[in-house]
file structure.txt (compact mmCIF, C-alpha atoms (C1' of nucleotides))
# COMPACT_ATOMS: atom_id res chain seq x y z
CA MET A 1132 0.00 0.00 0.00
CA PRO A 1133 2.07 2.87 1.15
CA GLU A 1134 4.45 4.39 -1.31
CA LEU A 1135 6.78 7.31 -0.69
CA PRO A 1136 4.03 9.96 -0.20
CA GLU A 1137 2.13 7.81 2.29
CA VAL A 1138 5.30 7.01 4.22
CA GLU A 1139 6.29 10.68 4.22
CA THR A 1140 2.78 11.64 5.37
CA THR A 1141 3.18 9.13 8.18
CA ARG A 1142 6.61 10.46 9.06
CA ARG A 1143 5.37 14.04 9.26
CA GLY A 1144 2.44 12.93 11.34
CA ILE A 1145 4.38 10.99 13.93
CA ALA A 1146 7.52 13.10 14.16
CA PRO A 1147 6.03 15.87 16.36
CA HIS A 1148 4.73 13.25 18.81
CA LEU A 1149 8.14 11.56 19.05
CA ALA A 1150 10.23 14.72 19.32
CA GLY A 1151 11.68 15.08 22.80
CA ARG A 1152 10.20 11.75 23.88
CA ARG A 1153 11.84 8.65 25.23
CA PHE A 1154 10.83 5.05 24.60
CA THR A 1155 9.91 3.11 27.72
CA GLY A 1156 9.72 -0.21 25.88
CA ALA A 1157 7.64 -2.11 23.36
CA ARG A 1158 4.67 -4.43 23.37
CA VAL A 1159 4.78 -6.99 20.58
CA ARG A 1160 1.58 -8.98 20.09
CA ASN A 1161 2.65 -10.72 16.90
CA ARG A 1162 6.29 -11.05 15.90
CA ARG A 1163 5.51 -12.67 12.58
CA LEU A 1164 5.84 -9.84 10.05
CA ARG A 1165 7.84 -10.02 6.80
CA ARG A 1166 10.78 -10.72 9.07
CA PRO A 1167 10.45 -11.53 12.76
CA VAL A 1168 10.26 -8.55 15.09
CA PRO A 1169 13.32 -8.75 17.41
CA ARG A 1170 12.53 -10.68 20.60
CA ASP A 1171 14.36 -8.14 22.73
CA LEU A 1172 12.82 -5.05 21.10
CA SER A 1173 11.42 -3.79 24.39
CA ARG A 1174 14.76 -4.10 26.17
CA LEU A 1175 16.58 -2.48 23.26
CA LEU A 1176 14.28 0.54 23.31
CA ALA A 1177 13.69 1.02 27.02
CA GLY A 1178 15.04 4.36 28.18
CA GLN A 1179 16.17 5.45 24.75
CA PRO A 1180 15.37 9.01 23.65
CA VAL A 1181 14.21 9.60 20.07
CA THR A 1182 16.86 11.58 18.24
CA GLY A 1183 15.45 11.49 14.72
CA VAL A 1184 12.57 10.39 12.51
CA ARG A 1185 13.70 9.91 8.94
CA ARG A 1186 12.49 8.37 5.71
CA ARG A 1187 14.52 6.55 3.07
CA GLY A 1188 12.41 5.44 0.13
CA LYS A 1189 9.47 3.61 1.71
CA TYR A 1190 11.38 2.91 4.92
CA LEU A 1191 10.98 4.87 8.13
CA VAL A 1192 14.00 5.18 10.38
CA ILE A 1193 13.62 6.19 14.02
CA ASP A 1194 16.96 6.96 15.64
CA THR A 1195 18.05 6.55 19.24
CA PRO A 1196 21.53 6.71 20.75
CA ALA A 1197 21.62 2.90 21.03
CA GLY A 1198 20.62 2.30 17.43
CA SER A 1199 17.82 2.77 14.93
CA LEU A 1200 14.42 1.28 14.30
CA ILE A 1201 13.79 0.37 10.67
CA ILE A 1202 10.08 0.25 9.88
CA HIS A 1203 8.38 -0.68 6.63
CA LEU A 1204 4.62 -0.59 6.12
CA GLY A 1205 4.46 -3.26 3.43
CA MET A 1206 1.13 -3.34 1.57
CA SER A 1207 -1.28 -2.66 4.39
CA GLY A 1208 0.61 -1.10 7.27
CA SER A 1209 -0.14 2.12 9.10
CA LEU A 1210 1.26 3.84 12.18
CA ARG A 1211 -0.70 5.85 14.69
CA VAL A 1212 0.05 7.60 17.94
CA VAL A 1213 -2.57 6.59 20.51
CA PRO A 1214 -2.87 6.46 24.31
CA ALA A 1215 -1.06 3.31 25.39
CA GLY A 1216 -4.23 2.00 27.02
CA THR A 1217 -6.24 2.09 23.77
CA PRO A 1218 -7.59 -1.43 23.17
CA PRO A 1219 -5.74 -2.94 20.22
CA GLY A 1220 -7.50 -4.15 17.09
CA PRO A 1221 -6.84 -7.60 15.68
CA HIS A 1222 -3.97 -6.43 13.46
CA ASP A 1223 -2.31 -4.01 15.85
CA HIS A 1224 0.88 -6.06 16.11
CA VAL A 1225 3.40 -3.73 17.71
CA ASP A 1226 3.25 -0.82 20.19
CA LEU A 1227 6.35 1.29 20.72
CA LEU A 1228 5.76 2.76 24.17
CA LEU A 1229 6.49 6.42 24.86
CA ASP A 1230 7.20 8.17 28.13
CA ASP A 1231 4.09 10.38 27.84
CA GLY A 1232 1.65 7.50 28.23
CA ARG A 1233 1.11 7.11 24.53
CA CYS A 1234 2.47 4.66 22.00
CA LEU A 1235 3.32 4.39 18.35
CA ARG A 1236 1.06 1.58 17.15
CA LEU A 1237 1.66 -0.49 14.02
CA ARG A 1238 -1.39 -1.96 12.33
CA ASP A 1239 -0.65 -4.32 9.46
CA PRO A 1240 -3.37 -6.79 8.40
CA ARG A 1241 -1.30 -8.51 5.72
CA ARG A 1242 1.90 -8.55 7.77
CA PHE A 1243 4.17 -7.64 4.85
CA GLY A 1244 5.60 -4.88 7.01
CA LEU A 1245 8.74 -4.84 9.06
CA VAL A 1246 10.07 -3.63 12.39
CA LEU A 1247 13.81 -4.12 12.87
CA PHE A 1248 16.48 -2.62 15.07
CA THR A 1249 20.09 -2.01 14.09
CA ARG A 1250 22.98 -0.70 16.14
CA ARG A 1251 24.83 0.36 13.03
CA ASP A 1252 24.19 3.14 10.50
CA PRO A 1253 20.73 2.12 9.25
CA LEU A 1254 21.54 3.35 5.75
CA THR A 1255 24.14 0.58 5.48
CA HIS A 1256 21.64 -2.10 6.49
CA PRO A 1257 21.29 -4.75 3.77
CA LEU A 1258 17.68 -3.71 3.12
CA LEU A 1259 18.59 -0.06 2.61
CA LYS A 1260 22.11 -0.04 1.25
CA ASP A 1261 21.21 -0.67 -2.40
CA LEU A 1262 18.37 1.85 -2.60
CA GLY A 1263 18.61 4.32 -5.45
CA PRO A 1264 18.41 8.12 -5.22
CA GLU A 1265 15.66 9.90 -3.33
CA PRO A 1266 13.41 11.34 -6.06
CA LEU A 1267 12.72 14.50 -4.04
CA ALA A 1268 16.37 15.21 -3.27
CA PRO A 1269 18.21 17.85 -5.27
CA GLY A 1270 20.21 16.19 -8.00
CA PHE A 1271 17.63 13.62 -8.97
CA GLY A 1272 16.93 13.95 -12.67
CA GLY A 1273 16.57 12.30 -16.03
CA ASP A 1274 20.28 11.92 -16.69
CA ASP A 1275 20.58 9.50 -13.80
CA LEU A 1276 17.62 7.43 -15.02
CA TRP A 1277 18.83 7.56 -18.60
CA ARG A 1278 22.30 6.32 -17.73
CA ARG A 1279 20.98 3.46 -15.63
CA ALA A 1280 18.58 2.44 -18.39
CA ARG A 1281 21.30 1.78 -20.97
CA GLY A 1282 20.91 -1.72 -22.29
CA ARG A 1283 17.84 -2.45 -20.17
CA ARG A 1284 14.95 -4.09 -21.94
CA THR A 1285 12.59 -4.22 -18.97
CA ALA A 1286 9.41 -2.15 -19.21
CA ILE A 1287 9.91 1.43 -18.04
CA LYS A 1288 7.21 0.90 -15.44
CA ASN A 1289 9.12 -2.00 -13.86
CA PHE A 1290 12.29 0.06 -14.12
CA ILE A 1291 11.03 3.03 -12.09
CA MET A 1292 9.44 0.70 -9.54
CA ASP A 1293 12.84 -0.89 -8.90
CA GLY A 1294 14.06 0.62 -5.64
CA ARG A 1295 17.67 0.35 -6.77
CA VAL A 1296 16.88 2.74 -9.64
CA VAL A 1297 14.88 5.27 -7.65
CA ALA A 1298 13.61 4.88 -4.09
CA GLY A 1299 9.96 5.01 -3.14
CA VAL A 1300 8.03 4.80 -6.42
CA GLY A 1301 5.34 2.12 -6.23
CA ASN A 1302 2.53 1.03 -8.49
CA ILE A 1303 0.19 3.99 -8.19
CA TYR A 1304 2.76 6.71 -8.73
CA ALA A 1305 4.58 4.79 -11.48
CA ASN A 1306 1.30 4.73 -13.40
CA GLU A 1307 0.66 8.41 -12.73
CA ALA A 1308 4.17 9.61 -13.56
CA LEU A 1309 4.20 7.72 -16.86
CA PHE A 1310 0.87 9.29 -17.80
CA ARG A 1311 2.17 12.76 -17.03
CA ALA A 1312 5.32 12.10 -19.04
CA GLY A 1313 3.37 10.67 -21.99
CA ILE A 1314 5.34 7.40 -21.94
CA HIS A 1315 3.81 3.99 -22.58
CA PRO A 1316 4.34 1.85 -19.45
CA ALA A 1317 5.54 -1.15 -21.44
CA ARG A 1318 8.19 0.73 -23.41
CA PRO A 1319 11.64 -0.78 -22.89
CA ALA A 1320 13.58 1.41 -20.46
CA GLY A 1321 16.61 1.48 -22.71
CA ARG A 1322 14.60 2.88 -25.59
CA ILE A 1323 13.66 6.21 -24.03
CA SER A 1324 15.50 9.35 -25.07
CA ARG A 1325 17.36 11.56 -22.65
CA ALA A 1326 14.80 14.32 -23.16
CA ARG A 1327 11.87 12.05 -22.38
CA MET A 1328 13.69 10.63 -19.36
CA ALA A 1329 14.05 14.20 -18.09
CA ARG A 1330 10.29 14.64 -18.46
CA LEU A 1331 9.75 11.40 -16.59
CA ALA A 1332 12.01 12.40 -13.71
CA ALA A 1333 10.19 15.71 -13.44
CA ALA A 1334 6.84 13.92 -13.52
CA ILE A 1335 7.90 11.53 -10.76
CA ARG A 1336 8.98 14.41 -8.60
CA ALA A 1337 5.85 16.44 -9.27
CA VAL A 1338 3.37 13.66 -8.63
CA LEU A 1339 5.09 12.64 -5.40
CA GLU A 1340 5.16 16.23 -4.15
CA GLU A 1341 1.51 16.79 -4.98
CA ALA A 1342 0.54 13.54 -3.32
CA ILE A 1343 2.41 14.47 -0.14
CA ALA A 1344 0.65 17.83 -0.12
CA ALA A 1345 -2.68 15.96 -0.30
CA GLY A 1346 -1.75 13.62 2.56
CA GLY A 1347 -1.15 10.61 0.30
CA THR A 1348 -3.50 8.30 -1.55
CA THR A 1349 -6.09 6.15 0.20
CA MET A 1350 -7.48 3.39 -2.01
CA ARG A 1351 -8.67 1.22 0.84
CA ASP A 1352 -6.84 1.15 4.13
CA PHE A 1353 -4.15 3.82 4.26
CA THR A 1354 -4.56 6.25 7.12
CA ASP A 1355 -2.23 8.91 8.41
CA SER A 1356 -1.01 9.04 11.99
CA GLN A 1357 -4.35 10.52 13.08
CA GLY A 1358 -6.31 7.76 11.38
CA LYS A 1359 -7.44 10.00 8.53
CA PRO A 1360 -7.29 9.02 4.84
CA GLY A 1361 -5.27 10.90 2.22
CA TYR A 1362 -7.22 12.49 -0.56
CA PHE A 1363 -4.85 12.30 -3.53
CA ALA A 1364 -7.04 9.50 -4.95
CA LEU A 1365 -9.25 12.32 -6.21
CA SER A 1366 -6.35 13.60 -8.29
CA LEU A 1367 -5.32 10.31 -9.86
CA ALA A 1368 -5.46 10.58 -13.65
CA VAL A 1369 -5.25 6.92 -14.62
CA TYR A 1370 -4.76 4.58 -11.65
CA GLY A 1371 -8.01 2.76 -10.88
CA ARG A 1372 -9.76 4.55 -13.74
CA GLU A 1373 -10.01 1.83 -16.38
CA GLY A 1374 -12.67 2.74 -18.93
CA GLU A 1375 -12.98 6.33 -17.76
CA PRO A 1376 -12.09 9.09 -20.21
CA CYS A 1377 -8.49 10.26 -20.25
CA PRO A 1378 -8.41 13.67 -18.53
CA ARG A 1379 -6.27 14.98 -21.37
CA CYS A 1380 -7.79 13.55 -24.57
CA GLY A 1381 -10.97 11.75 -23.53
CA HIS A 1382 -9.94 8.36 -24.89
CA PRO A 1383 -10.88 5.50 -22.51
CA ILE A 1384 -8.17 4.54 -20.03
CA ARG A 1385 -6.88 1.04 -20.65
CA HIS A 1386 -5.91 -1.60 -18.09
CA VAL A 1387 -3.17 -4.19 -18.62
CA VAL A 1388 -0.89 -6.25 -16.42
CA ILE A 1389 2.82 -5.44 -16.50
CA GLY A 1390 5.22 -7.21 -14.19
CA GLN A 1391 2.26 -8.87 -12.44
CA ARG A 1392 1.01 -5.45 -11.44
CA SER A 1393 -2.12 -3.60 -12.41
CA THR A 1394 -1.31 -0.94 -14.99
CA CYS A 1395 -3.50 1.87 -16.29
CA TYR A 1396 -2.64 4.22 -19.14
CA CYS A 1397 -4.03 6.23 -22.01
CA PRO A 1398 -3.20 4.46 -25.28
CA ARG A 1399 -3.46 7.73 -27.17
CA CYS A 1400 -1.39 10.00 -24.91
CA GLN A 1401 1.26 7.47 -23.92
CA ARG A 1402 3.68 6.07 -26.51
C1' DC B 862 23.72 -9.72 -15.11
C1' DC B 863 18.95 -9.62 -16.44
C1' DG B 864 14.06 -10.51 -16.62
C1' DG B 865 10.13 -12.83 -15.15
C1' DA B 866 7.41 -15.59 -11.85
C1' DC B 867 6.31 -16.78 -7.19
C1' DG B 868 5.29 -16.53 -2.40
C1' DC B 869 4.32 -14.24 1.76
C1' DC B 870 -0.69 -12.77 4.40
C1' DT B 871 -5.54 -11.09 5.14
C1' DG B 872 -9.54 -8.60 3.67
C1' DT B 873 -12.75 -7.18 0.27
C1' DC B 874 -15.32 -7.20 -3.76
C1' DG B 875 -17.65 -8.90 -7.89
C1' DG B 876 -19.79 -12.55 -10.22
C1' DC B 877 -22.36 -16.59 -10.38
C1' DT C 123 -28.05 -14.96 0.26
C1' DG C 124 -23.67 -17.48 0.03
C1' DC C 125 -19.59 -19.10 -1.75
C1' DC C 126 -15.27 -18.72 -4.37
C1' DG C 127 -11.92 -16.78 -7.04
C1' DA C 128 -9.55 -12.66 -8.19
C1' DC C 129 -7.22 -8.93 -6.68
C1' DA C 130 -4.93 -5.33 -3.57
C1' DG C 131 -0.50 0.27 -2.51
C1' DG C 132 5.70 -4.33 -1.67
C1' DC C 133 9.58 -6.80 -2.25
C1' DG C 134 12.96 -10.65 -1.48
C1' DT C 135 14.07 -14.89 -3.65
C1' DC C 136 14.51 -18.24 -7.08
C1' DC C 137 14.97 -19.94 -11.68
C1' DG C 138 16.21 -20.00 -16.55
call {"tool": "encode", "arguments": {"input": "structure.txt", "output": "structure tokens"}}
result
Amino acid sequence: MPELPEVETTRRGIAPHLAGRRFTGARVRNRRLRRPVPRDLSRLLAGQPVTGVRRRGKYLVIDTPAGSLIIHLGMSGSLRVVPAGTPPGPHDHVDLLLDDGRCLRLRDPRRFGLVLFTRRDPLTHPLLKDLGPEPLAPGFGGDDLWRRARGRRTAIKNFIMDGRVVAGVGNIYANEALFRAGIHPARPAGRISRARMARLAAAIRAVLEEAIAAGGTTMRDFTDSQGKPGYFALSLAVYGREGEPCPRCGHPIRHVVIGQRSTCYCPRCQR
DNA sequence: CCGGACGCCTGTCGGC
DNA sequence: TGCCGACAGGCGTCCG
């Protein structure tokens, strides 16, 4: 579910509640996420002050002097700050307890998410070390994409969803960025000109920024840290709009499967 | 090295 | 109404 804008929305939502706080421990109701939640998570966190709340791609990183939490929301995860006594729902697997009587609560029905702890620089963790550039950081542009695409025959949509190419672009925003750039999602990545790659990079950046400003996209179960949905779904041009008229030319939006993922595009505007 | 398919989970929705 | 298959925002792994 959550792509970069939803993770960034979550980060912005939780950061003010974590600033200046200290963890008192953790309550883990179900350790069985994508990887097991550390058995000693509570002991690792107890007494540790929060020194940072960062995002890298779709990963959240919460820093303490002893080490860093690495959190991923998978397909269905969300984080909320609630009073620690709030009765948990069936999929509220982990509470990170804070010294103000509240907790950071992870809900993840499908359990594709992740809560890890590392004592080292989290950016060198095996899950993070190969991530590509942050699309919202200065310096991200078409030249980078174009260079990496040399010789690649994979569909451009698969290419920009590869976290080693660019971090944080998932299925929704890949569809939307390709529409904005006028590029057919199945076009081989290596057969896109430098100029069009520059358009694509700009489109990726723009759609992510707009989505963050709207609080992310809620298709079904994404909520921000207050439990509220994001409203960027209203602004989606193609994703989930099969058969509807293209907002640019009116031609019906088409749906195909690329890389086992649902893909929507305008066959007239995207080549 | 590259590309494509699969599996991990649960919930929901559409069709019969 | 009820059941069953298809599908869902991610991503690591395996195979050819």
call {"tool": "residues_around", "arguments": {"input": "structure.txt", "residues": "range 863-877 of chain B", "least_positions_apart": "3", "cutoff": "9 Å", "atoms": "all atoms listed in the file", "output": "list in words"}}
result
Arg1165, Pro1240, Arg1241, Arg1242, Phe1243, Arg1283, Arg1284, Thr1285, Gly1390 and Gln1391 of chain A; DA128, DC129, DA130, DT135, DC136 and DC137 of chain C
call {"tool": "closest_residue", "arguments": {"input": "structure.txt", "among": "A:Tyr1396, A:Phe1290, A:Phe1353, A:Phe1310", "to": "chain C", "atoms": "all atoms listed in the file"}}
result
A:Phe1353
call {"tool": "residues_around", "arguments": {"input": "structure.txt", "residues": "Arg1185 in chain A", "least_positions_apart": "2", "cutoff": "12 Å", "atoms": "all atoms listed in the file", "output": "ChimeraX atom specification"}}
result
/A:1138-1146,1149-1150,1181-1183,1187-1195,1199-1202,1253-1254
call {"tool": "residues_around", "arguments": {"input": "structure.txt", "residues": "Tyr1304 in chain A", "least_positions_apart": "5", "cutoff": "8 Å", "atoms": "all atoms listed in the file", "output": "ChimeraX atom specification"}}
result
/A:1134,1335,1338-1339
call {"tool": "atom_distance", "arguments": {"input": "structure.txt", "atom1": "CA of Pro1383 in chain A", "atom2": "CA of Cys1397 in chain A"}}
result
6.9 Å
call {"tool": "interface_residues", "arguments": {"input": "structure.txt", "of": "chain C", "to": "chain A", "cutoff": "9 Å", "atoms": "all atoms listed in the file", "output": "PyMOL selection string"}}
result
chain C and resi 130-133
call {"tool": "write_last_selection", "arguments": {"input": "structure.txt", "atoms": "C-alpha atoms (C1' of nucleotides)", "output": "PDB file, in the coordinates of the input"}}
result
ATOM      1  C1'  DA C 130      -4.930  -5.330  -3.570  1.00  0.00           C
ATOM      2  C1'  DG C 131      -0.500   0.270  -2.510  1.00  0.00           C
ATOM      3  C1'  DG C 132       5.700  -4.330  -1.670  1.00  0.00           C
ATOM      4  C1'  DC C 133       9.580  -6.800  -2.250  1.00  0.00           C
TER       5       DC C 133
END
call {"tool": "atom_distance", "arguments": {"input": "structure.txt", "atom1": "CA of Ala1337 in chain A", "atom2": "CA of Leu1237 in chain A"}}
result
29.1 Å
call {"tool": "atom_distance", "arguments": {"input": "structure.txt", "atom1": "CA of Val1300 in chain A", "atom2": "CA of Leu1267 in chain A"}}
result
11.0 Å
call {"tool": "closest_residue", "arguments": {"input": "structure.txt", "among": "A:Asn1306, A:Ser1173, A:Thr1249, A:Thr1255", "to": "Pro1196 in chain A", "atoms": "only C-alpha atoms"}}
result
A:Thr1249
call {"tool": "decode", "arguments": {"input": "structure.txt", "residues": "chain C", "atoms": "C-alpha atoms (C1' of nucleotides)", "output": "PDB file, in the first residue's frame"}}
result
ATOM      1  C1'  DT C 123     -28.049 -14.962   0.261  1.00  0.00           C
ATOM      2  C1'  DG C 124     -23.666 -17.476   0.033  1.00  0.00           C
ATOM      3  C1'  DC C 125     -19.595 -19.102  -1.754  1.00  0.00           C
ATOM      4  C1'  DC C 126     -15.271 -18.717  -4.369  1.00  0.00           C
ATOM      5  C1'  DG C 127     -11.922 -16.777  -7.037  1.00  0.00           C
ATOM      6  C1'  DA C 128      -9.546 -12.662  -8.193  1.00  0.00           C
ATOM      7  C1'  DC C 129      -7.224  -8.931  -6.675  1.00  0.00           C
ATOM      8  C1'  DA C 130      -4.927  -5.328  -3.570  1.00  0.00           C
ATOM      9  C1'  DG C 131      -0.504   0.272  -2.512  1.00  0.00           C
ATOM     10  C1'  DG C 132       5.704  -4.329  -1.666  1.00  0.00           C
ATOM     11  C1'  DC C 133       9.583  -6.804  -2.248  1.00  0.00           C
ATOM     12  C1'  DG C 134      12.956 -10.653  -1.482  1.00  0.00           C
ATOM     13  C1'  DT C 135      14.073 -14.885  -3.647  1.00  0.00           C
ATOM     14  C1'  DC C 136      14.514 -18.243  -7.076  1.00  0.00           C
ATOM     15  C1'  DC C 137      14.965 -19.936 -11.677  1.00  0.00           C
ATOM     16  C1'  DG C 138      16.213 -20.003 -16.553  1.00  0.00           C
TER      17       DG C 138
END
